[in-house]
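Raw work_6.txt, compact mmCIF, C-alpha atoms:
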```txt
# COMPACT_ATOMS: atom_id res chain seq x y z
CA MET A 27 -11.79 -1.64 -44.44
CA ALA A 28 -15.50 -0.93 -44.78
CA GLN A 29 -15.08 1.89 -42.20
CA ASP A 30 -12.60 3.57 -44.53
CA ARG A 31 -15.23 3.81 -47.28
CA THR A 32 -16.98 6.91 -46.12
CA PHE A 33 -19.26 9.24 -48.05
CA ARG A 34 -16.19 11.34 -48.85
CA TYR A 35 -14.50 8.23 -50.33
CA TYR A 36 -17.40 7.45 -52.69
CA LEU A 37 -17.83 11.10 -53.62
CA TYR A 38 -14.15 11.41 -54.55
CA TYR A 39 -14.25 8.40 -56.84
CA ALA A 40 -17.61 9.45 -58.36
CA PHE A 41 -16.02 12.74 -59.40
CA LEU A 42 -12.89 10.95 -60.61
CA VAL A 43 -15.03 8.76 -62.90
CA ALA A 44 -17.00 11.81 -64.05
CA GLU A 45 -13.79 13.71 -64.82
CA TRP A 46 -12.26 10.90 -66.87
CA THR A 47 -15.50 10.09 -68.68
CA ALA A 48 -15.99 13.74 -69.58
CA GLY A 49 -12.35 14.12 -70.62
CA LEU A 50 -12.42 11.08 -72.92
CA SER A 51 -15.78 12.16 -74.36
CA VAL A 52 -14.35 15.57 -75.23
CA VAL A 53 -11.40 13.93 -77.01
CA LEU A 54 -13.73 11.62 -78.96
CA LEU A 55 -16.20 14.38 -79.87
CA THR A 56 -13.38 16.71 -80.96
CA LEU A 57 -11.96 13.97 -83.17
CA LEU A 58 -15.35 13.24 -84.75
CA VAL A 59 -16.25 16.87 -85.33
CA SER A 60 -12.95 17.39 -87.19
CA GLN A 61 -13.88 14.68 -89.72
CA ASP A 62 -15.94 14.92 -92.92
CA ALA A 63 -18.86 12.44 -92.91
CA GLY A 64 -18.55 12.01 -96.69
CA ASN A 65 -15.13 10.35 -96.30
CA TYR A 66 -16.52 7.39 -94.33
CA GLN A 67 -18.93 4.68 -95.46
CA THR A 68 -18.76 2.27 -92.49
CA TRP A 69 -21.80 2.55 -90.21
CA PRO A 70 -22.14 4.25 -87.72
CA LEU A 71 -19.31 6.73 -88.46
CA PRO A 72 -21.15 8.96 -90.98
CA THR A 73 -24.15 9.21 -88.62
CA LEU A 74 -21.95 9.96 -85.58
CA ILE A 75 -19.89 12.57 -87.43
CA GLY A 76 -23.06 14.21 -88.69
CA TRP A 77 -24.53 14.22 -85.19
CA THR A 78 -21.41 15.81 -83.62
CA HIS A 79 -21.43 18.54 -86.29
CA ASN A 80 -24.95 19.43 -85.15
CA HIS A 81 -24.05 19.31 -81.42
CA LYS A 82 -20.71 21.11 -81.22
CA VAL A 83 -21.81 22.96 -78.11
CA LEU A 84 -21.66 19.63 -76.27
CA ILE A 85 -17.85 19.74 -76.43
CA PHE A 86 -17.88 22.96 -74.44
CA VAL A 87 -20.47 21.66 -71.94
CA ILE A 88 -18.64 18.37 -71.31
CA SER A 89 -15.30 20.19 -71.02
CA ALA A 90 -16.85 22.40 -68.36
CA ILE A 91 -18.11 19.29 -66.53
CA ALA A 92 -14.60 17.81 -66.60
CA VAL A 93 -13.09 21.00 -65.17
CA VAL A 94 -15.70 21.26 -62.41
CA ALA A 95 -15.27 17.56 -61.52
CA LYS A 96 -11.51 18.05 -61.27
CA PHE A 97 -11.95 21.11 -59.08
CA VAL A 98 -14.42 19.38 -56.74
CA ARG A 99 -12.23 16.28 -56.53
CA ALA A 100 -9.25 18.43 -55.57
CA ARG A 101 -11.38 20.12 -52.88
CA ILE A 102 -12.44 16.76 -51.42
CA GLY A 103 -8.88 15.45 -51.35
CA PRO A 104 -7.63 11.95 -52.12
CA PRO A 105 -8.98 9.27 -49.73
CA TRP A 106 -5.50 7.81 -49.20
CA ALA A 107 -4.33 11.12 -47.69
CA TRP A 108 -7.27 11.32 -45.27
CA LYS A 109 -6.78 7.67 -44.35
CA ALA A 110 -3.10 8.37 -43.66
CA ILE A 111 -4.02 11.39 -41.49
CA LYS A 112 -6.47 9.28 -39.49
CA GLU A 113 -3.93 6.45 -39.07
CA LEU A 114 -1.28 8.93 -38.00
CA LEU A 115 -3.61 10.29 -35.31
CA ASP A 116 -4.36 6.75 -34.13
CA THR A 117 -0.67 5.87 -33.93
CA TRP A 118 0.14 9.10 -32.15
CA HIS A 119 -2.76 8.47 -29.76
CA SER A 120 -1.32 5.12 -28.72
CA LYS A 121 2.09 6.72 -28.08
CA ILE A 122 0.92 9.80 -26.17
CA PHE A 123 -1.53 7.98 -23.96
CA ALA A 124 0.68 4.92 -23.49
CA GLY A 125 1.31 5.90 -19.87
CA ILE A 126 -2.39 5.93 -18.97
CA PRO A 127 -3.61 2.43 -18.14
CA ASN A 128 -6.75 1.39 -20.06
CA ALA A 129 -7.01 4.82 -21.69
CA SER A 130 -10.41 4.92 -23.36
CA ALA A 131 -10.55 6.42 -26.81
CA ASP A 132 -13.44 8.69 -25.87
CA GLU A 133 -11.69 10.25 -22.88
CA HIS A 134 -8.27 10.81 -24.44
CA ARG A 135 -8.41 12.30 -27.91
CA ILE A 136 -6.47 14.04 -30.65
CA THR A 137 -8.48 16.19 -33.05
CA VAL A 138 -7.52 18.12 -36.15
CA PHE A 139 -9.53 21.30 -36.81
CA LYS A 140 -9.37 23.28 -40.02
CA ARG A 141 -10.15 26.98 -40.04
CA VAL A 142 -12.93 27.47 -42.61
CA HIS A 143 -15.09 30.30 -43.93
CA ARG A 144 -17.59 31.96 -41.62
CA TRP A 145 -20.63 30.71 -43.56
CA ARG A 146 -19.79 27.00 -43.47
CA PRO A 147 -21.72 25.76 -40.39
CA ILE A 148 -25.07 27.51 -40.68
CA ARG A 149 -26.51 25.56 -37.74
CA SER A 150 -23.70 26.70 -35.41
CA TRP A 151 -24.74 30.32 -35.93
CA ARG A 152 -27.91 29.59 -33.95
CA GLU A 153 -25.74 28.86 -30.90
CA LEU A 154 -23.69 32.05 -31.09
CA GLU A 155 -25.71 33.90 -28.48
CA ILE A 156 -25.28 31.20 -25.86
CA ARG A 157 -21.70 30.49 -26.90
CA THR A 158 -20.54 34.09 -26.62
CA GLY A 159 -22.93 35.18 -23.89
CA ARG A 160 -23.69 38.35 -25.86
CA SER A 161 -27.17 39.57 -26.68
CA ASP A 162 -25.73 41.64 -29.57
CA TRP A 163 -24.21 38.57 -31.21
CA TRP A 164 -26.12 39.37 -34.41
CA ARG A 165 -24.26 42.66 -35.00
CA TYR A 166 -21.68 42.45 -37.79
CA SER A 167 -18.88 43.52 -35.45
CA GLN A 168 -19.62 40.48 -33.30
CA TRP A 169 -19.65 37.89 -36.08
CA PRO A 170 -16.94 35.27 -36.14
CA VAL A 171 -14.44 35.62 -38.99
CA GLY A 172 -14.47 31.86 -39.50
CA TRP A 173 -15.02 28.53 -37.80
CA PHE A 174 -12.87 25.64 -36.73
CA LYS A 175 -14.20 22.59 -38.50
CA PRO A 176 -13.29 19.20 -36.99
CA LEU A 177 -11.76 17.09 -39.77
CA ALA A 178 -10.31 14.04 -38.08
CA ARG A 179 -10.17 12.55 -34.62
CA SER A 180 -8.10 9.70 -33.25
CA GLN A 181 -9.73 6.27 -32.81
CA HIS A 182 -13.20 5.38 -34.04
CA VAL A 183 -15.26 7.52 -31.71
CA SER A 184 -17.31 10.68 -32.05
CA GLN A 185 -16.28 11.23 -35.68
CA ARG A 186 -19.55 12.91 -36.56
CA ASN A 187 -20.43 14.65 -33.31
CA ILE A 188 -17.43 16.85 -32.81
CA THR A 189 -18.11 20.45 -31.84
CA TRP A 190 -17.25 23.31 -34.19
CA PHE A 191 -15.74 26.42 -32.58
CA PRO A 192 -16.06 30.02 -33.79
CA CYS A 193 -12.90 31.83 -34.86
CA PHE A 194 -12.75 35.51 -33.89
CA ASP A 195 -10.24 38.11 -34.97
CA ALA A 196 -9.68 39.18 -31.37
CA ALA A 197 -9.87 37.64 -27.92
CA ARG A 198 -13.48 36.69 -27.23
CA ILE A 199 -15.30 34.45 -24.80
CA GLY A 200 -16.72 31.52 -26.77
CA GLU A 201 -13.60 30.91 -28.85
CA GLY A 202 -12.60 28.01 -26.60
CA PHE A 203 -9.11 26.66 -26.12
CA ILE A 204 -8.80 26.34 -29.91
CA GLY A 205 -9.25 30.07 -30.41
CA LEU A 206 -6.59 30.73 -27.82
CA VAL A 207 -4.15 28.43 -29.64
CA TRP A 208 -5.00 30.05 -32.99
CA ARG A 209 -4.23 33.55 -31.76
CA THR A 210 -1.15 32.76 -29.69
CA SER A 211 2.26 31.91 -31.05
CA GLY A 212 3.52 28.53 -29.86
CA THR A 213 2.23 25.33 -28.32
CA LEU A 214 -0.21 25.89 -25.45
CA ARG A 215 -1.02 23.70 -22.51
CA ILE A 216 -3.62 24.07 -19.76
CA PRO A 217 -3.82 23.84 -16.82
CA ILE A 218 -0.57 24.83 -15.13
CA PRO A 219 0.22 22.19 -12.49
CA PRO A 220 -0.66 21.92 -9.65
CA GLU A 221 -3.84 23.71 -10.80
CA ASN A 222 -6.59 21.54 -12.26
CA LEU A 223 -9.62 22.03 -14.45
CA PRO A 224 -12.71 20.95 -12.47
CA ASP A 225 -14.12 17.50 -13.18
CA LEU A 226 -17.42 17.96 -15.02
CA ASN A 227 -17.82 14.17 -15.44
CA PRO A 228 -17.60 12.99 -11.83
CA PRO A 229 -18.52 9.38 -11.13
CA PRO A 230 -22.26 8.98 -10.31
CA PRO A 231 -24.08 9.85 -8.14
CA ASN A 232 -21.86 12.96 -7.85
CA LYS A 233 -22.68 15.99 -9.95
CA PRO A 234 -20.55 18.99 -10.87
CA SER A 235 -21.24 22.06 -8.78
CA ASP A 236 -22.10 25.52 -10.09
CA ALA A 237 -18.60 26.65 -9.12
CA ASN A 238 -17.15 23.80 -11.20
CA TYR A 239 -18.98 25.07 -14.28
CA VAL A 240 -17.85 28.65 -13.65
CA ASP A 241 -14.21 27.66 -13.19
CA TYR A 242 -14.19 25.32 -16.19
CA ALA A 243 -15.77 27.94 -18.44
CA LYS A 244 -13.26 30.57 -17.33
CA GLY A 245 -10.29 28.25 -17.83
CA THR A 246 -11.32 27.16 -21.33
CA ARG A 247 -12.71 30.45 -22.77
CA VAL A 248 -16.34 29.32 -23.12
CA THR A 249 -19.55 30.33 -21.38
CA GLU A 250 -21.03 28.55 -18.42
CA ALA A 251 -24.46 28.53 -20.11
CA TRP A 252 -23.10 26.75 -23.17
CA LEU A 253 -21.37 24.13 -21.02
CA ARG A 254 -24.66 23.35 -19.28
CA THR A 255 -26.44 22.80 -22.63
CA ARG A 256 -23.94 20.14 -23.63
CA GLY A 257 -25.14 17.62 -21.07
CA ALA A 258 -23.14 14.43 -20.73
CA LYS A 259 -20.31 15.27 -23.14
CA THR A 260 -16.75 14.39 -22.21
CA TYR A 261 -14.89 17.29 -20.59
CA ALA A 262 -11.12 17.22 -20.81
CA ARG A 263 -9.03 18.10 -17.79
CA THR A 264 -5.78 18.59 -19.69
CA LEU A 265 -5.48 20.32 -23.06
CA CYS A 266 -2.54 20.82 -25.39
CA GLY A 267 -2.74 22.47 -28.79
CA THR A 268 -0.65 23.92 -31.56
CA LYS A 269 -1.32 25.50 -34.93
CA ILE A 270 -0.83 23.59 -38.16
CA GLU A 271 0.77 25.61 -40.93
CA ILE A 272 0.81 24.98 -44.66
CA LYS A 273 3.52 26.86 -46.56
CA GLY A 274 3.96 29.27 -43.67
CA THR A 275 0.25 30.13 -43.47
CA LYS A 276 -2.00 29.21 -40.55
CA TRP A 277 -4.24 26.33 -41.66
CA GLY A 278 -5.81 24.89 -38.51
CA VAL A 279 -5.22 23.60 -35.02
CA ILE A 280 -4.42 20.23 -33.54
CA VAL A 281 -5.75 19.63 -30.04
CA ILE A 282 -4.85 16.84 -27.64
CA ASP A 283 -7.36 16.59 -24.82
CA SER A 284 -7.51 14.14 -21.97
CA ARG A 285 -9.55 13.37 -18.90
CA SER A 286 -6.26 12.60 -17.16
CA THR A 287 -4.70 15.29 -14.98
CA ALA A 288 -1.26 13.74 -15.37
CA LEU A 289 -0.90 13.87 -19.14
CA THR A 290 2.47 15.02 -20.43
CA VAL A 291 2.93 15.83 -24.10
CA MET A 292 6.53 16.43 -25.04
CA ASP A 293 7.50 19.11 -27.56
CA ASP A 294 9.24 16.61 -29.85
CA GLN A 295 6.01 14.59 -30.03
CA VAL A 296 4.11 17.72 -31.08
CA GLU A 297 6.83 18.58 -33.61
CA PHE A 298 6.74 15.13 -35.19
CA ALA A 299 2.93 15.15 -35.47
CA ALA A 300 2.84 18.70 -36.86
CA ALA A 301 5.48 17.84 -39.46
CA ALA A 302 3.80 14.62 -40.60
CA LEU A 303 0.29 16.06 -40.58
CA GLY A 304 1.41 19.11 -42.52
CA LYS A 305 2.86 16.95 -45.29
CA PHE A 306 -0.29 14.84 -45.60
CA ILE A 307 -2.61 17.85 -45.42
CA GLU A 308 -0.68 19.53 -48.25
CA ARG A 309 -1.61 16.57 -50.43
CA ALA A 310 -5.15 16.11 -49.14
CA MET B 28 29.93 22.60 -44.44
CA SER B 29 27.88 22.10 -47.55
CA GLU B 30 25.78 19.42 -45.83
CA TRP B 31 22.89 20.03 -43.49
CA VAL B 32 23.86 19.60 -39.85
CA ASN B 33 21.04 18.45 -37.60
CA ILE B 34 20.66 20.46 -34.44
CA ASN B 35 18.64 19.65 -31.38
CA ILE B 36 17.28 22.63 -29.49
CA ASP B 37 15.81 21.70 -26.14
CA THR B 38 12.48 23.51 -26.30
CA GLU B 39 11.26 21.89 -23.07
CA GLY B 40 13.57 24.28 -21.26
CA LEU B 41 11.98 27.24 -23.05
CA ARG B 42 8.49 26.64 -21.69
CA GLU B 43 7.03 29.57 -19.85
CA GLU B 44 3.89 30.27 -17.89
CA ARG B 45 1.76 33.15 -19.17
CA GLU B 46 -1.44 34.83 -18.14
CA LEU B 47 -3.53 35.59 -21.21
CA GLU B 48 -6.89 37.29 -21.66
CA ASP B 49 -9.36 37.27 -18.77
CA GLY B 50 -6.82 35.63 -16.48
CA VAL B 51 -6.47 32.37 -18.42
CA ARG B 52 -3.18 30.83 -17.39
CA VAL B 53 -1.30 28.69 -19.89
CA ILE B 54 2.06 27.06 -20.46
CA VAL B 55 3.57 28.19 -23.77
CA SER B 56 6.43 26.54 -25.61
CA PRO B 57 7.79 27.51 -29.05
CA SER B 58 5.77 26.54 -32.11
CA PRO B 59 7.29 23.44 -33.75
CA TYR B 60 7.36 25.44 -37.00
CA ASP B 61 9.67 28.04 -35.43
CA VAL B 62 12.36 25.60 -34.30
CA PRO B 63 15.26 25.10 -36.75
CA GLY B 64 15.94 21.38 -37.14
CA ALA B 65 19.08 21.73 -39.25
CA ILE B 66 21.55 24.38 -40.36
CA LYS B 67 23.88 24.71 -43.30
CA ALA B 68 26.69 27.14 -44.06
CA GLU B 69 27.96 27.82 -47.59
CA PHE B 70 30.98 30.02 -48.15
CA ASP B 71 31.81 31.49 -51.57
CA ARG B 72 35.46 32.45 -51.15
CA SER B 73 35.66 34.28 -54.50
CA LYS B 74 32.82 36.63 -53.53
CA GLY B 75 33.60 36.59 -49.82
CA GLN B 76 29.99 35.68 -49.08
CA LEU B 77 28.80 33.44 -46.29
CA ARG B 78 25.28 32.05 -46.51
CA ILE B 79 23.66 30.42 -43.48
CA LEU B 80 20.51 28.40 -44.15
CA PHE B 81 17.98 27.19 -41.58
CA ARG B 82 15.69 24.22 -42.16
CA TYR B 83 12.31 23.81 -40.46
CA ILE B 84 9.54 21.20 -40.52
CA GLY B 85 7.60 23.37 -42.98
CA THR B 86 8.65 25.13 -46.15
CA GLU B 87 7.42 28.23 -47.95
CA PRO B 88 8.59 30.71 -50.60
CA VAL B 89 11.46 32.87 -49.37
CA LYS B 90 11.59 36.63 -49.84
CA ARG B 91 14.94 38.47 -49.74
CA GLN B 92 15.21 41.55 -47.53
CA SER B 93 18.20 43.83 -47.07
CA GLY B 94 19.38 44.49 -43.57
CA GLN B 95 22.16 46.63 -42.16
CA ALA B 96 25.72 46.58 -43.53
CA GLY B 97 24.87 44.66 -46.69
CA VAL B 98 23.36 41.69 -44.86
CA LEU B 99 20.63 39.88 -46.81
CA PHE B 100 17.88 38.00 -45.01
CA GLY B 101 15.79 35.27 -46.63
CA MET B 102 12.44 35.46 -44.87
CA GLY B 103 9.39 33.25 -45.20
CA LYS B 104 6.99 35.12 -47.47
CA ASN B 105 3.97 34.15 -45.39
CA SER B 106 5.35 33.63 -41.92
CA GLY B 107 8.29 36.04 -41.71
CA ARG B 108 10.42 33.14 -40.43
CA LEU B 109 14.18 33.39 -40.93
CA TYR B 110 15.37 30.91 -43.59
CA GLU B 111 18.64 32.39 -44.83
CA ILE B 112 21.27 35.00 -43.96
CA ASP B 113 23.91 36.25 -46.40
CA VAL B 114 26.87 37.99 -44.80
CA LYS B 115 29.94 39.54 -46.44
CA ILE B 116 33.21 38.21 -45.02
CA ASP B 117 36.33 39.91 -46.37
CA GLU B 118 39.94 38.74 -46.17
CA ALA B 119 40.64 40.84 -43.08
CA ASP B 120 37.70 39.24 -41.31
CA MET B 121 38.99 35.83 -42.28
CA ARG B 122 42.35 36.60 -40.67
CA GLU B 123 41.08 38.26 -37.53
CA LEU B 124 37.73 36.72 -36.64
CA THR B 125 37.31 33.70 -34.43
CA ALA B 126 34.27 31.50 -34.93
CA ASN B 127 32.72 32.88 -31.75
CA GLU B 128 33.11 36.42 -32.99
CA LEU B 129 31.58 35.52 -36.33
CA THR B 130 28.51 33.86 -34.82
CA ALA B 131 28.20 36.79 -32.41
CA ARG B 132 28.24 39.17 -35.37
CA ILE B 133 25.58 37.19 -37.24
CA SER B 134 23.48 36.92 -34.08
CA HIS B 135 23.71 40.69 -33.76
CA GLU B 136 22.42 41.05 -37.34
CA ILE B 137 19.46 38.80 -36.51
CA ASP B 138 18.45 41.40 -33.92
CA HIS B 139 17.84 43.76 -36.85
CA VAL B 140 15.76 41.53 -39.10
CA PRO B 141 13.28 43.70 -41.04
CA LYS B 142 9.57 43.15 -40.57
CA VAL B 143 8.15 41.55 -43.71
CA SER B 144 4.76 39.99 -43.05
CA SER B 145 1.48 40.41 -41.28
CA TYR B 146 2.87 38.12 -38.59
CA GLY B 147 4.99 40.99 -37.40
CA GLU B 148 8.28 40.20 -35.79
CA ARG B 149 8.98 36.52 -35.19
CA LYS B 150 10.92 37.10 -31.98
CA GLU B 151 10.65 33.47 -30.88
CA ASN B 152 11.91 32.21 -34.24
CA TYR B 153 14.80 34.69 -34.26
CA ARG B 154 15.76 33.70 -30.73
CA LEU B 155 15.79 30.04 -31.79
CA ALA B 156 17.77 30.84 -34.94
CA LYS B 157 20.42 32.52 -32.79
CA GLN B 158 20.48 29.48 -30.52
CA ALA B 159 20.89 27.25 -33.59
CA LEU B 160 23.86 29.37 -34.68
CA GLU B 161 25.56 28.90 -31.33
CA ILE B 162 25.00 25.14 -31.46
CA ALA B 163 26.36 24.95 -35.03
CA GLU B 164 29.33 27.22 -34.38
CA ILE B 165 31.97 24.56 -34.97
CA PRO B 166 30.54 23.33 -38.33
CA ILE B 167 30.27 26.96 -39.49
CA SER B 168 33.83 27.70 -38.46
CA SER B 169 35.09 24.65 -40.31
CA ALA B 170 33.32 25.86 -43.48
CA LEU B 171 35.29 29.10 -43.23
CA GLY B 172 38.48 27.66 -41.84
CA LEU B 173 38.12 29.73 -38.68
CA VAL B 174 39.28 28.69 -35.24
CA PRO B 175 36.66 28.32 -32.50
CA LEU B 176 37.52 30.52 -29.53
CA HIS B 177 37.54 27.68 -27.04
CA LYS B 178 40.38 26.06 -29.03
CA LEU B 179 42.48 29.19 -28.66
CA ALA B 180 42.09 29.24 -24.92
```

Now, as a test, write the supplied structure out as structure tokens.
Amino acid sequence: MAQDRTFRYYLYYAFLVAEWTAGLSVVLLTLLVSQDAGNYQTWPLPTLIGWTHNHKVLIFVISAIAVVAKFVRARIGPPWAWKAIKELLDTWHSKIFAGIPNASADEHRITVFKRVHRWRPIRSWRELEIRTGRSDWWRYSQWPVGWFKPLARSQHVSQRNITWFPCFDAARIGEGFIGLVWRTSGTLRIPIPPENLPDLNPPPPNKPSDANYVDYAKGTRVTEAWLRTRGAKTYARTLCGTKIEIKGTKWGVIVIDSRSTALTVMDDQVEFAAAALGKFIERA
Amino acid sequence: MSEWVNINIDTEGLREERELEDGVRVIVSPSPYDVPGAIKAEFDRSKGQLRILFRYIGTEPVKRQSGQAGVLFGMGKNSGRLYEIDVKIDEADMRELTANELTARISHEIDHVPKVSSYGERKENYRLAKQALEIAEIPISSALGLVPLHKLA
């Protein structure tokens, strides 16, 4: 339960309290300002009415606070919806990876990414050169049109350390598997059996070879240099992804990634998850 | 057939291997949002108008577009997905058409869906809508009182 009470949770309720407090204050102030202090003798009404007549501008200021609080709260989304999204991912995780004995949460994951504005992750811009492998990354024509922000991941692992991916308006190295899913119609899966993505997390003392990095980078639309900077991250060997739509408009991408080379994700499983997630996201 | 009829399109059989940019090879199956999950047919005998409706996992505002021969298409305003088709069916059609011929005629109209959104043509969705029509041929024919061809044989 305590894990559910994230920063987002407290922020949402702080704005809810602010919105209601401001709303009720506006009602009270409007009522007082409409009265004549001379008609009341009971303390403190004449003083309060007199004070509100001298501070009418407060009604406007507090109304503005209420509107802003409502707007911000709507942007954050109700905690119950985000909790439901997380629980749905966890349930789906246990179904999809049921066939993999002792499937660890860190090696078999489902992640929801939302496509956000290009200016959101300022720190990710510093990586653009290495992520795209282009020295002219700073030119406007090379800028990403947005980013894929990780919003939720199955199980209680890596919630804060999930990589953002750039979103380009055309095919570009650095977009990753997510970019490929975003630009292509349908549900995508890699690799095509019997091909395999190389194992970049071989059991010690083995280490991935240079060829492994090259092949992995080529197969997943990233650069070899960026892969090498990531160190001991988990590298999936099977990926499946589809777009999430809200009211017919592309909203984000859901990616299932696994260290297993034998993972099978059926279309009806993807359909069920996309339908349920879409409904919750509409309300979040 | 004023009720929704659930249809089950086997999308596993529609998977295909594709080579995308820079030689990346992927398996692609239809987007879950493009697959009709249910179909409904409404026939207004007084106006001689048959309306076929498709239901998907997502919803969106529908925009009407005129096609050939007085056919009206209800397309998703944002996605261009096919949600509705309105077809005129006159008395002569009612007497002469079999259910197979009717669904074939509607399928033919789907080949001429106008382009309405930045998505461009939704070929995959239209292909699936045609498949849904074939699967729901008997419920559609019962709404119109037509005889399925295989019953005539």

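For Val138 (chain A), the list of residues within 8 Å, based on only C-alpha atoms and with local chain neighbours fewer than 5 positions off taken out, reads Pro176, Leu177, Ala178, Arg179, Gly278, Val279, Ile280 and Val281 of chain A.
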
Checklist entry - With only C-alpha atoms as the basis for distance, which of B:Thr130, B:Ser93, B:Thr38, B:Ser168 is at the shortest distance from Gly64 (chain B)? => result B:Thr38

Item to check | Point-to-point distance in Å for CA of Gly97 (chain B) and CA of Asp120 (chain B) | outcome: 14.9 Å

Give me, as a Markdown table, the closest atom pair and its distance (Å, one decimal) for every residue of chain B within a cut-off of 7 Å of chain A, counting all atoms listed in the file, rows sorted by chain and rising number.
```
| residue | atom | partner | partner_atom | distance |
| --- | --- | --- | --- | --- |
| B:Thr38 | CA | A:Asp293 | CA | 6.8 |
| B:Glu39 | CA | A:Asp293 | CA | 6.5 |
| B:Glu48 | CA | A:Ala197 | CA | 6.9 |
| B:Val51 | CA | A:Gly245 | CA | 5.6 |
| B:Arg52 | CA | A:Ile218 | CA | 6.9 |
| B:Val53 | CA | A:Ile216 | CA | 5.2 |
| B:Ile54 | CA | A:Arg215 | CA | 5.0 |
| B:Val55 | CA | A:Leu214 | CA | 4.7 |
| B:Ser56 | CA | A:Thr213 | CA | 5.1 |
| B:Pro57 | CA | A:Gly212 | CA | 4.5 |
| B:Ser58 | CA | A:Gly212 | CA | 3.8 |
| B:Pro59 | CA | A:Glu297 | CA | 4.9 |
| B:Ile84 | CA | A:Ala301 | CA | 5.4 |
| B:Gly85 | CA | A:Lys273 | CA | 6.5 |
| B:Thr86 | CA | A:Lys273 | CA | 5.4 |
| B:Glu87 | CA | A:Lys273 | CA | 4.4 |
| B:Gly103 | CA | A:Gly274 | CA | 6.9 |
| B:Asn105 | CA | A:Gly274 | CA | 5.2 |
| B:Ser106 | CA | A:Gly274 | CA | 4.9 |
```

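Take CA of Ala40 (chain A) and CA of Trp106 (chain A): the distance between them is 15.3 Å.
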
Checklist outcome for this item: In Å and to one decimal, CA of Gly49 (chain A) is distant from CA of Val98 (chain A) by 15.0 Å

I'd like the neighbourhood of region 142-145 of chain A as an mmCIF file with C-alpha atoms, keeping the file's coordinate frame, where a residue qualifies if any of its atoms comes within 12 Å (using all atoms listed in the file), though same-chain residues fewer than 4 positions away should be ignored.
```
data_model
loop_
_atom_site.group_PDB
_atom_site.id
_atom_site.type_symbol
_atom_site.label_atom_id
_atom_site.label_comp_id
_atom_site.auth_asym_id
_atom_site.auth_seq_id
_atom_site.Cartn_x
_atom_site.Cartn_y
_atom_site.Cartn_z
ATOM 1 C CA ARG A 149 -26.510 25.560 -37.740
ATOM 2 C CA SER A 150 -23.700 26.700 -35.410
ATOM 3 C CA TRP A 151 -24.740 30.320 -35.930
ATOM 4 C CA TYR A 166 -21.680 42.450 -37.790
ATOM 5 C CA TRP A 169 -19.650 37.890 -36.080
ATOM 6 C CA PRO A 170 -16.940 35.270 -36.140
ATOM 7 C CA VAL A 171 -14.440 35.620 -38.990
ATOM 8 C CA GLY A 172 -14.470 31.860 -39.500
ATOM 9 C CA TRP A 173 -15.020 28.530 -37.800
ATOM 10 C CA PHE A 174 -12.870 25.640 -36.730
ATOM 11 C CA LYS A 175 -14.200 22.590 -38.500
ATOM 12 C CA PRO A 176 -13.290 19.200 -36.990
ATOM 13 C CA LEU A 177 -11.760 17.090 -39.770
ATOM 14 C CA TRP A 190 -17.250 23.310 -34.190
ATOM 15 C CA PHE A 191 -15.740 26.420 -32.580
ATOM 16 C CA PRO A 192 -16.060 30.020 -33.790
ATOM 17 C CA CYS A 193 -12.900 31.830 -34.860
ATOM 18 C CA PHE A 194 -12.750 35.510 -33.890
ATOM 19 C CA ASP A 195 -10.240 38.110 -34.970
ATOM 20 C CA LYS A 276 -2.000 29.210 -40.550
ATOM 21 C CA TRP A 277 -4.240 26.330 -41.660
ATOM 22 C CA GLY A 278 -5.810 24.890 -38.510
ATOM 23 C CA VAL A 279 -5.220 23.600 -35.020
#
```

Next on the checklist: If we count all atoms listed in the file and set the cut-off at 12 Å, which residues sit around Val53 (chain A), ignoring sequence neighbours fewer than 2 positions away in its own chain? Please answer as number ranges by chain.
Outcome noted: A: 46-51, 55-60, 84-86, 88-89, 92

Would you put the residues from that selection into a file with C-alpha atoms, as a compact mmCIF listing (two decimals), keeping the file's coordinate frame?
```txt
# COMPACT_ATOMS: atom_id res chain seq x y z
CA TRP A 46 -12.26 10.90 -66.87
CA THR A 47 -15.50 10.09 -68.68
CA ALA A 48 -15.99 13.74 -69.58
CA GLY A 49 -12.35 14.12 -70.62
CA LEU A 50 -12.42 11.08 -72.92
CA SER A 51 -15.78 12.16 -74.36
CA LEU A 55 -16.20 14.38 -79.87
CA THR A 56 -13.38 16.71 -80.96
CA LEU A 57 -11.96 13.97 -83.17
CA LEU A 58 -15.35 13.24 -84.75
CA VAL A 59 -16.25 16.87 -85.33
CA SER A 60 -12.95 17.39 -87.19
CA LEU A 84 -21.66 19.63 -76.27
CA ILE A 85 -17.85 19.74 -76.43
CA PHE A 86 -17.88 22.96 -74.44
CA ILE A 88 -18.64 18.37 -71.31
CA SER A 89 -15.30 20.19 -71.02
CA ALA A 92 -14.60 17.81 -66.60
```

Next on the checklist: List as an MDAnalysis selection string the protein and nucleic acid residues near Asp236 (chain A), meaning an atom at most 12 Å away when only C-alpha atoms are counted, but skip any in the same chain fewer than 6 places from it.
Outcome noted: chainID A and resid 224:226 242:243 250:251 253:254

Item to check | Shell of 12 Å around Ile133 (chain B), all atoms listed in the file, local chain residues under 5 positions omitted, as a PyMOL selection string | outcome: chain B and resi 77-79+94-96+98-100+111-116+126-128+138-140+153+156-161+164+167

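Comparing the minimum interatomic distances between Val43 (chain A) and each of A:Pro220, A:Ile91, A:His119, A:Asn80, counting only C-alpha atoms, we find that A:Ile91 sits nearest.
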
Using only the atoms of region 80-96 of chain B listed in the file, plus 4 Å on each side, state the axis-aligned box centre and edge lengths in Å rounded to one decimal, as AutoDock Vina command-line options.
```
--center_x 16.6 --center_y 33.9 --center_z -45.5 --size_x 26.3 --size_y 33.4 --size_z 18.1
```
